[in-house]
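Have a look at entry.txt below; it lists compact mmCIF, C-alpha atoms.
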```txt
# COMPACT_ATOMS: atom_id res chain seq x y z
CA MET A 1 8.96 32.55 2.26
CA HIS A 2 10.88 29.40 3.08
CA GLU A 3 13.94 28.37 1.18
CA PRO A 4 13.42 25.11 -0.72
CA VAL A 5 14.43 22.09 1.33
CA THR A 6 15.94 19.52 -0.99
CA LYS A 7 16.91 16.82 1.47
CA ILE A 8 13.51 15.63 2.66
CA LEU A 9 12.62 12.02 1.89
CA VAL A 10 8.97 10.94 1.58
CA VAL A 11 8.49 7.29 2.57
CA ALA A 12 5.31 5.58 1.34
CA THR A 13 4.05 2.14 2.35
CA ASN A 14 2.73 1.37 -1.11
CA ALA A 15 3.79 -1.05 -3.79
CA PRO A 16 4.93 0.64 -7.01
CA VAL A 17 2.21 0.60 -9.67
CA PRO A 18 3.44 0.59 -13.28
CA GLY A 19 1.99 3.45 -15.27
CA LEU A 20 0.41 5.13 -12.24
CA ALA A 21 1.71 8.61 -13.02
CA ALA A 22 0.45 8.33 -16.59
CA ALA A 23 -2.95 7.10 -15.41
CA VAL A 24 -3.26 10.13 -13.12
CA GLN A 25 -2.25 12.49 -15.92
CA GLN A 26 -4.78 10.92 -18.30
CA GLY A 27 -7.59 11.17 -15.74
CA PHE A 28 -7.94 7.43 -15.10
CA HIS A 29 -6.77 7.57 -11.48
CA GLN A 30 -7.06 10.05 -8.64
CA ARG A 31 -3.98 12.03 -7.66
CA VAL A 32 -1.69 10.10 -5.33
CA ASP A 33 -0.80 11.80 -2.06
CA TYR A 34 2.78 10.58 -1.69
CA LEU A 35 3.70 11.33 -5.31
CA GLU A 36 2.23 14.81 -5.03
CA LEU A 37 4.00 15.38 -1.72
CA ALA A 38 7.33 14.16 -3.05
CA GLU A 39 6.98 16.64 -5.92
CA ARG A 40 6.77 19.44 -3.36
CA PHE A 41 10.16 18.31 -2.02
CA GLY A 42 12.10 17.70 -5.20
CA ASN A 43 10.66 14.26 -6.06
CA HIS A 44 12.52 12.45 -3.30
CA HIS A 45 10.42 9.42 -2.37
CA VAL A 46 10.65 5.67 -1.88
CA ASP A 47 8.09 2.88 -1.54
CA TYR A 48 8.04 -0.93 -1.36
CA GLY A 49 9.93 -1.02 -4.63
CA ILE A 50 13.20 -0.76 -2.70
CA VAL A 51 12.45 -3.65 -0.31
CA ARG A 52 14.80 -6.63 -0.53
CA PRO A 53 13.77 -10.26 0.10
CA ASN A 54 14.49 -11.57 3.59
CA ARG A 55 12.41 -14.52 4.81
CA MET A 56 13.17 -14.04 8.48
CA LEU A 57 12.26 -10.36 8.43
CA GLU A 58 9.17 -11.11 6.33
CA ARG A 59 7.91 -13.50 9.03
CA LEU A 60 8.65 -10.92 11.70
CA GLU A 61 6.79 -8.28 9.69
CA GLY A 62 3.75 -10.54 9.58
CA ILE A 63 3.76 -10.75 13.36
CA THR A 64 4.50 -7.10 14.16
CA ARG A 65 2.73 -5.50 11.17
CA LEU A 66 5.76 -3.22 10.81
CA ASP A 67 7.73 -2.62 7.62
CA LEU A 68 11.15 -3.56 8.94
CA ARG A 69 12.84 -4.16 5.59
CA LEU A 70 11.62 -0.86 4.17
CA ALA A 71 12.87 0.95 7.28
CA LEU A 72 16.30 -0.65 6.98
CA GLN A 73 16.60 0.44 3.35
CA VAL A 74 15.39 3.95 4.14
CA ASN A 75 17.92 4.28 6.95
CA GLN A 76 20.72 3.36 4.55
CA ILE A 77 19.49 5.85 1.96
CA VAL A 78 19.23 8.62 4.55
CA HIS A 79 22.84 8.02 5.63
CA SER A 80 24.28 7.72 2.15
CA ALA A 81 22.37 10.66 0.60
CA GLY A 82 22.48 12.96 3.61
CA TYR A 83 18.76 13.60 4.00
CA GLN A 84 17.85 16.17 6.64
CA ALA A 85 14.33 14.89 7.30
CA VAL A 86 12.00 11.95 6.69
CA ILE A 87 8.23 12.02 6.29
CA SER A 88 6.85 8.55 7.05
CA LEU A 89 3.35 8.25 5.61
CA SER A 90 2.48 5.34 7.90
CA GLU A 91 3.48 4.15 11.34
CA ARG A 92 4.27 0.79 9.74
CA VAL A 93 7.59 2.28 8.67
CA GLY A 94 7.66 5.23 11.08
CA ILE A 95 7.91 3.03 14.19
CA PRO A 96 10.98 1.03 13.15
CA LEU A 97 12.59 4.13 11.65
CA ALA A 98 12.32 5.82 15.03
CA LEU A 99 14.81 3.24 16.29
CA MET A 100 17.16 3.62 13.34
CA LEU A 101 17.40 7.24 12.24
CA PRO A 102 20.12 9.39 13.82
CA GLN A 103 18.84 12.13 16.10
CA THR A 104 20.06 14.79 13.67
CA VAL A 105 17.46 13.68 11.11
CA ARG A 106 14.04 15.23 11.68
CA HIS A 107 11.11 12.85 11.47
CA LEU A 108 7.37 13.38 10.88
CA VAL A 109 5.20 10.25 10.99
CA ILE A 110 1.54 9.89 10.03
CA PHE A 111 -0.41 7.39 12.16
CA HIS A 112 -3.41 5.60 10.62
CA HIS A 113 -4.12 3.36 13.63
CA GLY A 114 -2.95 5.48 16.50
CA MET A 115 -5.20 3.99 19.20
CA SER A 116 -3.95 0.43 18.76
CA ALA A 117 -3.21 -0.83 22.28
CA HIS A 118 -0.36 -2.97 20.92
CA LYS A 119 1.28 -0.03 19.18
CA LEU A 120 0.84 2.33 22.11
CA GLN A 121 2.39 -0.22 24.46
CA LEU A 122 5.32 -0.74 22.09
CA ILE A 123 5.86 3.02 21.80
CA ARG A 124 5.81 3.52 25.57
CA THR A 125 8.08 0.55 26.24
CA LEU A 126 10.73 1.76 23.78
CA HIS A 127 10.12 5.47 24.51
CA LEU A 128 9.50 6.05 20.81
CA GLN A 129 7.27 9.03 21.50
CA HIS A 130 10.47 10.96 22.19
CA ARG A 131 12.01 10.04 18.84
CA TRP A 132 9.58 11.76 16.51
CA ASP A 133 9.46 15.50 15.98
CA ILE A 134 5.79 15.51 14.91
CA VAL A 135 3.16 12.79 15.03
CA ALA A 136 0.14 13.34 12.77
CA ALA A 137 -3.02 11.32 13.46
CA ILE A 138 -5.76 11.09 10.85
CA SER A 139 -8.44 12.47 13.17
CA GLU A 140 -8.55 14.94 16.04
CA ALA A 141 -10.03 12.21 18.26
CA GLU A 142 -7.00 10.00 17.65
CA ALA A 143 -4.59 12.91 18.06
CA LYS A 144 -6.15 13.69 21.45
CA GLY A 145 -6.04 10.03 22.46
CA MET A 146 -2.39 9.72 21.49
CA ARG A 147 -1.45 12.90 23.36
CA GLN A 148 -3.02 11.50 26.50
CA ALA A 149 -1.60 7.99 26.08
CA LEU A 150 1.93 9.16 25.28
CA GLY A 151 2.14 12.29 27.40
CA LEU A 152 2.94 14.60 24.50
CA PRO A 153 1.88 18.24 24.02
CA ALA A 154 -0.55 19.40 21.33
CA GLU A 155 2.20 20.78 19.09
CA ARG A 156 3.84 17.35 18.92
CA VAL A 157 0.69 15.37 18.06
CA VAL A 158 -1.56 17.01 15.49
CA ALA A 159 -4.61 16.03 13.45
CA LEU A 160 -4.11 15.52 9.72
CA HIS A 161 -7.26 14.24 8.01
CA THR A 162 -6.76 12.16 4.90
CA PRO A 163 -7.47 13.95 1.60
CA VAL A 164 -9.71 13.29 -1.37
CA ASP A 165 -9.06 14.27 -4.97
CA ALA A 166 -12.23 16.33 -5.34
CA ALA A 167 -11.47 17.01 -9.00
CA PHE A 168 -11.35 13.29 -9.83
CA TYR A 169 -14.27 12.31 -7.59
CA GLN A 170 -17.03 14.71 -8.57
CA PRO A 171 -20.60 14.34 -9.84
CA GLN A 172 -20.86 13.36 -13.49
CA PRO A 173 -23.88 15.10 -15.08
CA GLY A 174 -25.93 13.07 -17.49
CA ARG A 175 -24.61 9.71 -16.38
CA GLN A 176 -26.61 6.67 -15.27
CA GLN A 177 -29.43 7.19 -12.80
CA ALA A 178 -28.74 6.39 -9.15
CA SER A 179 -30.71 3.24 -8.42
CA VAL A 180 -29.05 1.19 -5.67
CA VAL A 181 -27.70 1.26 -2.16
CA GLN A 182 -24.02 0.52 -2.44
CA SER A 183 -21.33 -0.42 0.09
CA LEU A 184 -17.68 -0.53 -0.86
CA GLY A 185 -14.34 -1.40 0.69
CA LEU A 186 -12.76 -4.04 2.89
CA SER A 187 -10.80 -2.61 5.82
CA HIS A 188 -12.62 -3.23 9.13
CA ARG A 189 -15.98 -3.48 7.36
CA ASP A 190 -19.04 -4.78 9.19
CA TYR A 191 -20.96 -6.26 6.28
CA PRO A 192 -23.02 -8.65 8.45
CA THR A 193 -24.85 -5.72 10.07
CA LEU A 194 -25.61 -4.21 6.66
CA ILE A 195 -26.77 -7.56 5.27
CA ARG A 196 -29.13 -8.10 8.19
CA ALA A 197 -30.49 -4.59 7.73
CA MET A 198 -31.11 -5.19 4.03
CA ARG A 199 -33.10 -8.35 4.82
CA ARG A 200 -35.64 -6.01 6.38
CA LEU A 201 -35.75 -3.88 3.21
CA PRO A 202 -36.43 -6.45 0.46
CA HIS A 203 -37.67 -3.77 -1.95
CA ILE A 204 -34.33 -1.90 -1.97
CA PRO A 205 -31.53 -3.25 -4.20
CA CYS A 206 -28.05 -3.28 -2.67
CA HIS A 207 -24.61 -3.85 -4.19
CA LEU A 208 -21.69 -5.04 -2.08
CA ARG A 209 -18.41 -4.18 -3.74
CA VAL A 210 -15.93 -5.86 -1.42
CA GLY A 211 -12.26 -5.17 -2.02
CA SER A 212 -9.33 -2.84 -1.51
CA SER A 213 -6.30 -1.52 -3.35
CA TRP A 214 -4.24 -1.72 -0.14
CA ILE A 215 -5.16 -4.86 1.80
CA SER A 216 -6.52 -8.38 1.30
CA GLY A 217 -8.57 -10.67 3.50
CA ARG A 218 -12.12 -11.64 4.39
CA SER A 219 -14.86 -9.14 5.15
CA GLY A 220 -17.43 -11.17 7.08
CA HIS A 221 -20.05 -11.33 4.34
CA GLU A 222 -18.85 -14.83 3.49
CA ARG A 223 -20.59 -16.22 6.58
CA GLU A 224 -23.94 -14.63 5.72
CA VAL A 225 -26.72 -15.91 3.46
CA LEU A 226 -27.37 -13.02 1.13
CA PRO A 227 -31.01 -12.03 0.57
CA ALA A 228 -32.29 -11.66 -2.99
CA ASN A 229 -31.93 -7.86 -2.97
CA ILE A 230 -28.14 -7.99 -2.38
CA SER A 231 -25.69 -8.78 -5.14
CA LEU A 232 -21.92 -9.10 -4.91
CA GLN A 233 -20.06 -6.93 -7.39
CA PRO A 234 -16.38 -7.03 -8.37
CA PHE A 235 -13.86 -4.55 -7.03
CA VAL A 236 -12.95 -2.11 -9.80
CA PRO A 237 -10.24 0.47 -10.53
CA PRO A 238 -10.84 4.14 -9.65
CA VAL A 239 -12.11 5.29 -13.03
CA GLN A 240 -14.88 2.66 -12.85
CA LEU A 241 -15.38 3.28 -9.16
CA ARG A 242 -16.65 6.75 -10.00
CA THR A 243 -19.42 5.17 -12.04
CA CYS A 244 -20.29 2.93 -9.09
CA TYR A 245 -20.69 5.95 -6.85
CA GLN A 246 -22.71 7.68 -9.55
CA GLN A 247 -25.12 4.73 -9.64
CA SER A 248 -25.61 4.83 -5.86
CA ARG A 249 -28.60 6.57 -4.32
CA ILE A 250 -27.00 5.96 -0.92
CA VAL A 251 -23.49 4.86 0.04
CA VAL A 252 -23.21 2.80 3.22
CA VAL A 253 -19.92 2.42 5.10
CA SER A 254 -20.51 -0.04 7.93
CA ILE A 255 -17.51 -0.37 10.25
CA LYS A 256 -16.62 -2.69 13.12
CA ALA A 257 -16.22 -1.31 16.62
CA SER A 258 -12.47 -1.42 17.17
CA THR A 259 -9.50 0.84 17.83
CA GLN A 260 -9.33 1.58 14.08
CA TRP A 261 -11.30 4.76 14.67
CA SER A 262 -11.02 6.24 11.16
CA ALA A 263 -11.47 3.07 9.11
CA GLY A 264 -13.66 3.74 6.08
CA CYS A 265 -12.76 7.42 5.80
CA THR A 266 -11.57 7.23 2.19
CA SER A 267 -14.85 5.61 1.07
CA VAL A 268 -16.84 8.20 3.00
CA GLN A 269 -14.81 11.00 1.41
CA ALA A 270 -15.10 9.69 -2.15
CA ALA A 271 -18.87 9.16 -1.78
CA GLN A 272 -19.43 12.71 -0.53
CA ALA A 273 -17.13 14.17 -3.17
CA MET A 274 -19.29 12.38 -5.74
CA GLY A 275 -22.36 14.08 -4.26
CA ARG A 276 -23.81 11.01 -2.60
CA PRO A 277 -25.44 10.86 0.85
CA VAL A 278 -23.66 8.59 3.29
CA ILE A 279 -24.75 6.27 6.07
CA ALA A 280 -21.84 5.23 8.27
CA THR A 281 -21.07 3.66 11.60
CA ARG A 282 -20.47 6.15 14.37
CA ARG A 283 -16.76 5.95 15.22
CA PRO A 284 -14.72 8.69 16.95
CA GLY A 285 -12.46 9.36 13.97
CA LEU A 286 -14.78 8.55 11.08
CA ALA A 287 -17.41 10.97 12.41
CA GLU A 288 -15.01 13.85 11.70
CA TYR A 289 -15.20 13.15 7.97
CA VAL A 290 -18.93 13.94 7.76
CA ASP A 291 -21.33 16.59 8.98
CA GLU A 292 -23.86 14.44 10.80
CA GLY A 293 -27.44 15.11 9.73
CA ARG A 294 -26.30 17.38 6.91
CA THR A 295 -24.11 15.12 4.76
CA ALA A 296 -24.53 11.76 6.47
CA LEU A 297 -26.48 9.70 8.96
CA LEU A 298 -24.48 7.86 11.63
CA VAL A 299 -25.54 4.55 13.17
CA GLU A 300 -24.17 2.87 16.29
CA PRO A 301 -21.89 -0.14 15.73
CA GLY A 302 -23.79 -3.37 15.14
CA ASP A 303 -27.20 -1.64 15.21
CA THR A 304 -29.18 -3.56 12.59
CA ASP A 305 -32.44 -1.71 13.28
CA GLY A 306 -30.73 1.67 13.19
CA MET A 307 -29.03 0.80 9.91
CA ALA A 308 -32.30 -0.35 8.33
CA ASP A 309 -34.12 2.76 9.53
CA ALA A 310 -31.41 5.08 8.18
CA ILE A 311 -31.42 3.41 4.76
CA ALA A 312 -35.22 3.48 4.56
CA THR A 313 -35.30 7.14 5.61
CA LEU A 314 -33.04 8.30 2.81
CA TRP A 315 -34.43 5.89 0.21
CA GLU A 316 -37.96 7.13 0.82
CA ASN A 317 -36.92 10.79 0.89
CA PRO A 318 -34.97 11.36 -2.34
CA ASP A 319 -35.09 15.15 -2.01
CA ARG A 320 -33.42 14.97 1.38
CA ALA A 321 -30.88 12.49 0.05
CA GLU A 322 -30.10 14.84 -2.84
CA ARG A 323 -29.59 17.78 -0.48
CA MET A 324 -27.29 15.70 1.70
CA GLY A 325 -25.28 14.66 -1.33
CA GLN A 326 -24.85 18.25 -2.42
CA ALA A 327 -23.80 19.26 1.09
CA GLY A 328 -21.30 16.40 1.18
CA ARG A 329 -19.77 17.56 -2.07
CA GLN A 330 -19.43 21.06 -0.64
CA LEU A 331 -17.85 19.72 2.57
CA MET A 332 -15.19 17.76 0.67
CA ALA A 333 -14.40 20.64 -1.70
CA GLU A 334 -14.05 23.11 1.16
CA ARG A 335 -12.18 21.09 3.80
CA PHE A 336 -10.66 17.85 2.55
CA THR A 337 -8.99 18.44 -0.81
CA ILE A 338 -5.60 16.99 -1.63
CA GLU A 339 -4.28 20.53 -2.13
CA GLN A 340 -5.20 21.42 1.46
CA TRP A 341 -3.56 18.23 2.72
CA LEU A 342 -0.36 18.93 0.80
CA ASP A 343 -0.21 22.50 2.09
CA ARG A 344 -0.69 21.26 5.66
CA VAL A 345 2.05 18.63 5.42
CA VAL A 346 4.43 21.18 3.90
CA GLU A 347 3.54 23.60 6.70
CA LEU A 348 4.22 20.98 9.36
CA THR A 349 7.48 20.03 7.69
CA HIS A 350 8.72 23.61 7.58
CA LYS A 351 7.70 24.03 11.22
CA MET A 352 9.61 20.89 12.11
CA MET A 353 12.72 22.05 10.25
CA ASP A 354 12.59 25.61 11.58
CA CYS A 355 12.06 24.81 15.26
CA PRO A 356 14.71 23.40 17.60
CA ALA A 357 14.53 19.64 17.98
CA GLN A 358 11.94 18.69 20.60
CA ARG A 359 12.92 15.06 20.92
CA SER A 360 14.56 13.78 24.08
CA THR A 361 18.20 12.97 23.38
CA SER A 362 18.44 10.80 26.49
CA THR A 363 16.44 8.04 24.82
CA MET A 364 18.10 8.21 21.42
CA THR A 365 20.22 5.32 20.23
CA GLY A 366 21.55 6.87 17.03
CA SER A 367 21.32 4.56 14.04
CA ALA A 368 21.32 1.34 16.03
CA VAL A 369 18.36 -0.93 15.55
```
Would you write the structure of this file as structure tokens?
Amino acid sequence: MHEPVTKILVVATNAPVPGLAAAVQQGFHQRVDYLELAERFGNHHVDYGIVRPNRMLERLEGITRLDLRLALQVNQIVHSAGYQAVISLSERVGIPLALMLPQTVRHLVIFHHGMSAHKLQLIRTLHLQHRWDIVAAISEAEAKGMRQALGLPAERVVALHTPVDAAFYQPQPGRQQASVVQSLGLSHRDYPTLIRAMRRLPHIPCHLRVGSSWISGRSGHEREVLPANISLQPFVPPVQLRTCYQQSRIVVVSIKASTQWSAGCTSVQAAQAMGRPVIATRRPGLAEYVDEGRTALLVEPGDTDGMADAIATLWENPDRAERMGQAGRQLMAERFTIEQWLDRVVELTHKMMDCPAQRSTSTMTGSAV
């Protein structure tokens, strides 16, 4: 048994949401990973709520896509409160913190876009790979790629798949009948390929629910003329999102070919947890969130014909689609629950605290930025 560690700070790159904890408790929102993790460590966490206005840094953040102001505030908190370790839930804050935190403070960072050429070059140039105790990538493919790119051993770069609240996202017996193909989300979506595929399937209704709780921007569907069988639907909060999944005979997650290897994983996870068969773009990280052929069909990036064939196959074989949905639910419940994720992060944190520091002190610059 490990002694409780009370000086571990969880750093989330999320804006504070009023009433979020109450919504989770009342069953209107899925459990939130960083709040649950902070509870494991004495409720020590911060998010964008501590960020102070600074126009110059804001402009620089827009260019670098790094949370410089959050990192500065976290560094001050770590010094003043005497935290022993920091868990950065995104590289957006983990990268600048690597330059700021003193070498005596242990640091675990979770990378969501680990194969970004820009980020890898920045890390190598500043030798940041030597300033983290553990790097966690959200797929084994990305963990392997980062190990090779940064010259780090397997124990320093590990896979940590994102979780799903399988108790919140679960089939709802007796609800509305599944009657549409549905595609949800915004990040790195390839809606043009899906739209072109649906033009070839005029008898199949499709809902596009474009949006995100985390990012804003355009998705690509704006440049397409939508056929009559596609309708745009509003983005909705999680409690309504469950109904959307419930109404879906098939959930499609079409992703662009880029270095964002695991884009779309949360939509894929929620769909499977809801017992829905998935059709997704074959990407090195995203493929790890499904069992191809058993819970999902994978299509090559930009393959309009392959996408149309996959949708038609499952639409015309409802028994197979039902079996795939049930298998997807089983996969999520057995391997991707938020409880398993929390246990793994706690395990990695204890390992980090118990083992001698593995970072290279020759490249450390203390708390200087």
Next on the checklist: Would you compute the distance between atom CA of A:Ala22 and atom CA of A:Leu184? Give it in Å to one decimal.
Outcome noted: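 Going from atom CA of A:Ala22 over to atom CA of A:Leu184 covers 25.6 Å.
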Checklist entry - What is the distance, in Å and to one decimal place, between atom CA of A:Val299 and atom CA of A:Ile311? => result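 Distance reported for this atom pair: 10.3 Å.
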Next on the checklist: Residues within 10 Å of (-19.9, 19.3, -0.5), file coordinates, counting only C-alpha atoms: what are they? Give the list as a PyMOL selection string.
Outcome noted: chain A and resi 166+170+269+272-276+290-291+294-295+323-336
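Between atom CA of A:His207 and atom CA of A:Ala280 there is a distance of 15.7 Å.
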Next on the checklist: as a PyMOL selection string, please: the residues near A:Val253 (cut-off 8 Å, all atoms listed in the file, same-chain neighbours under 4 positions excluded).
Outcome noted: chain A and resi 183-184+189+264+267-268+278-281
Next on the checklist: I need every residue sitting at most 10 Å from the point (8.1, 0.1, 1.8) (coordinates as in the file, all atoms listed in the file considered), written as a ChimeraX atom specification.
Outcome noted: /A:11-16,46-52,66-74,90,92-93
Closest atom pairs, stretch 12-67 of chain A residues within 12 Å of stretch 222-245 of chain A, only C-alpha atoms, as CSV:
```
residue,atom,partner,partner_atom,distance
A:Leu20,CA,A:Pro238,CA,11.6
A:Ala23,CA,A:Val239,CA,9.6
A:Val24,CA,A:Val239,CA,10.1
A:Gln26,CA,A:Val239,CA,10.6
A:Gly27,CA,A:Val239,CA,7.9
A:Phe28,CA,A:Val239,CA,5.1
A:His29,CA,A:Pro238,CA,5.6
A:Gln30,CA,A:Pro238,CA,7.1
A:Arg31,CA,A:Pro238,CA,10.6
A:Val32,CA,A:Pro238,CA,11.7
```
Next on the checklist: Would you pick out the contacts of A:Trp132 at 8 Å or less, using all atoms listed in the file, so that residues sharing its chain but fewer than 4 positions from it are not included, and give the list as number ranges by chain?
Outcome noted: A: 98, 106-109, 128, 359
Distance table requested - stretch 101-193 of chain A against stretch 318-321 of chain A, cut-off 12 Å, all atoms listed in the file: one row per qualifying residue with the closest atom pair and its distance in Å to one decimal, ordered by chain and rising residue number, as a tab-separated table.
```
residue	atom	partner	partner_atom	distance
A:Ala178	CA	A:Pro318	CA	10.5
A:Ser179	CA	A:Pro318	CA	11.0
A:Val181	CA	A:Ala321	CA	11.9
```
Using the selection just defined, write its residues with C-alpha atoms as a PDB file, keeping the file's coordinate frame.
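Produced file part.pdb, reproduced below:
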```
ATOM      1  CA  ALA A 178     -28.740   6.390  -9.150  1.00  0.00           C
ATOM      2  CA  SER A 179     -30.710   3.240  -8.420  1.00  0.00           C
ATOM      3  CA  VAL A 181     -27.700   1.260  -2.160  1.00  0.00           C
TER       4      VAL A 181
END
```
Next on the checklist: Calculated over all atoms listed in the file, which of the candidates A:Glu36, A:Pro277, A:Thr259, A:Val345 has the smallest distance to A:Ile110?
Outcome noted: A:Val345
Counting all atoms listed in the file, which residues of stretch 94-128 of chain A sit at most 12 Å from some atom of stretch 142-162 of chain A, and what is each one's closest atom pair with its distance in Å to one decimal, listed by chain and rising residue number, as a tab-separated table?
```
residue	atom	partner	partner_atom	distance
A:His107	CA	A:Arg156	CA	11.3
A:Leu108	CA	A:Arg156	CA	9.6
A:Val109	CA	A:Val157	CA	9.8
A:Ile110	CA	A:Leu160	CA	8.0
A:Phe111	CA	A:Glu142	CA	9.0
A:His112	CA	A:Glu142	CA	9.0
A:His113	CA	A:Glu142	CA	8.3
A:Gly114	CA	A:Glu142	CA	6.2
A:Met115	CA	A:Glu142	CA	6.5
A:Ser116	CA	A:Met146	CA	9.8
A:Ala117	CA	A:Ala149	CA	9.7
A:Lys119	CA	A:Met146	CA	10.7
A:Leu120	CA	A:Ala149	CA	7.3
A:Gln121	CA	A:Ala149	CA	9.3
A:Leu122	CA	A:Leu150	CA	10.9
A:Ile123	CA	A:Leu150	CA	8.1
A:Arg124	CA	A:Leu150	CA	6.9
A:Thr125	CA	A:Leu150	CA	10.6
A:Leu126	CA	A:Leu150	CA	11.6
A:His127	CA	A:Leu150	CA	9.0
A:Leu128	CA	A:Leu150	CA	9.3
```
Selection from above, C-alpha atoms, as a PDB file, keeping the file's coordinate frame, can you write it?
```pdb
ATOM      1  CA  HIS A 107      11.110  12.850  11.470  1.00  0.00           C
ATOM      2  CA  LEU A 108       7.370  13.380  10.880  1.00  0.00           C
ATOM      3  CA  VAL A 109       5.200  10.250  10.990  1.00  0.00           C
ATOM      4  CA  ILE A 110       1.540   9.890  10.030  1.00  0.00           C
ATOM      5  CA  PHE A 111      -0.410   7.390  12.160  1.00  0.00           C
ATOM      6  CA  HIS A 112      -3.410   5.600  10.620  1.00  0.00           C
ATOM      7  CA  HIS A 113      -4.120   3.360  13.630  1.00  0.00           C
ATOM      8  CA  GLY A 114      -2.950   5.480  16.500  1.00  0.00           C
ATOM      9  CA  MET A 115      -5.200   3.990  19.200  1.00  0.00           C
ATOM     10  CA  SER A 116      -3.950   0.430  18.760  1.00  0.00           C
ATOM     11  CA  ALA A 117      -3.210  -0.830  22.280  1.00  0.00           C
ATOM     12  CA  LYS A 119       1.280  -0.030  19.180  1.00  0.00           C
ATOM     13  CA  LEU A 120       0.840   2.330  22.110  1.00  0.00           C
ATOM     14  CA  GLN A 121       2.390  -0.220  24.460  1.00  0.00           C
ATOM     15  CA  LEU A 122       5.320  -0.740  22.090  1.00  0.00           C
ATOM     16  CA  ILE A 123       5.860   3.020  21.800  1.00  0.00           C
ATOM     17  CA  ARG A 124       5.810   3.520  25.570  1.00  0.00           C
ATOM     18  CA  THR A 125       8.080   0.550  26.240  1.00  0.00           C
ATOM     19  CA  LEU A 126      10.730   1.760  23.780  1.00  0.00           C
ATOM     20  CA  HIS A 127      10.120   5.470  24.510  1.00  0.00           C
ATOM     21  CA  LEU A 128       9.500   6.050  20.810  1.00  0.00           C
TER      22      LEU A 128
END
```
Checklist entry - When distances are computed from all atoms listed in the file, which of A:Thr349, A:Glu288, A:Asp190, A:Asp343 shows the smallest separation from A:Glu300? => result A:Asp190
Next on the checklist: Using only C-alpha atoms, can you tell me which of A:Thr313, A:Leu297, A:Arg65, A:Thr304 comes closest to A:Thr193?
Outcome noted: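 Distance minimum relative to A:Thr193 lands on A:Thr304.
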Next on the checklist: Please determine, counting all atoms listed in the file, which residue among A:Ser254, A:Gln103, A:Ser262, A:Thr337 has the shortest atom-to-atom distance to A:Gly185.
Outcome noted: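 Of A:Ser254, A:Gln103, A:Ser262, A:Thr337, the one nearest A:Gly185 is A:Ser254, counting all atoms listed in the file.
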Checklist entry - Using all atoms listed in the file, which of the listed residues (A:Pro171, A:Ser187, A:Met352, A:Val180) sits closest to A:Ile87? => result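 With all atoms listed in the file as the atom set, the closest residue is A:Met352.
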Compile the contact shell of A:Val78 as a PDB file with C-alpha atoms, in the coordinates of the input: residues with an atom at most 10 Å away, counting all atoms listed in the file, same-chain residues fewer than 2 positions apart removed.
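Written file, result-v3.pdb:
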```pdb
ATOM      1  CA  LYS A   7      16.910  16.820   1.470  1.00  0.00           C
ATOM      2  CA  ILE A   8      13.510  15.630   2.660  1.00  0.00           C
ATOM      3  CA  LEU A   9      12.620  12.020   1.890  1.00  0.00           C
ATOM      4  CA  GLN A  73      16.600   0.440   3.350  1.00  0.00           C
ATOM      5  CA  VAL A  74      15.390   3.950   4.140  1.00  0.00           C
ATOM      6  CA  ASN A  75      17.920   4.280   6.950  1.00  0.00           C
ATOM      7  CA  GLN A  76      20.720   3.360   4.550  1.00  0.00           C
ATOM      8  CA  SER A  80      24.280   7.720   2.150  1.00  0.00           C
ATOM      9  CA  ALA A  81      22.370  10.660   0.600  1.00  0.00           C
ATOM     10  CA  GLY A  82      22.480  12.960   3.610  1.00  0.00           C
ATOM     11  CA  TYR A  83      18.760  13.600   4.000  1.00  0.00           C
ATOM     12  CA  GLN A  84      17.850  16.170   6.640  1.00  0.00           C
ATOM     13  CA  ALA A  85      14.330  14.890   7.300  1.00  0.00           C
ATOM     14  CA  VAL A  86      12.000  11.950   6.690  1.00  0.00           C
ATOM     15  CA  LEU A 101      17.400   7.240  12.240  1.00  0.00           C
ATOM     16  CA  PRO A 102      20.120   9.390  13.820  1.00  0.00           C
ATOM     17  CA  VAL A 105      17.460  13.680  11.110  1.00  0.00           C
TER      18      VAL A 105
END
```
Next on the checklist: Nearest residue to A:Glu322 out of A:Ile250, A:Ala287, A:Trp261, A:His350, using all atoms listed in the file?
Outcome noted: A:Ile250
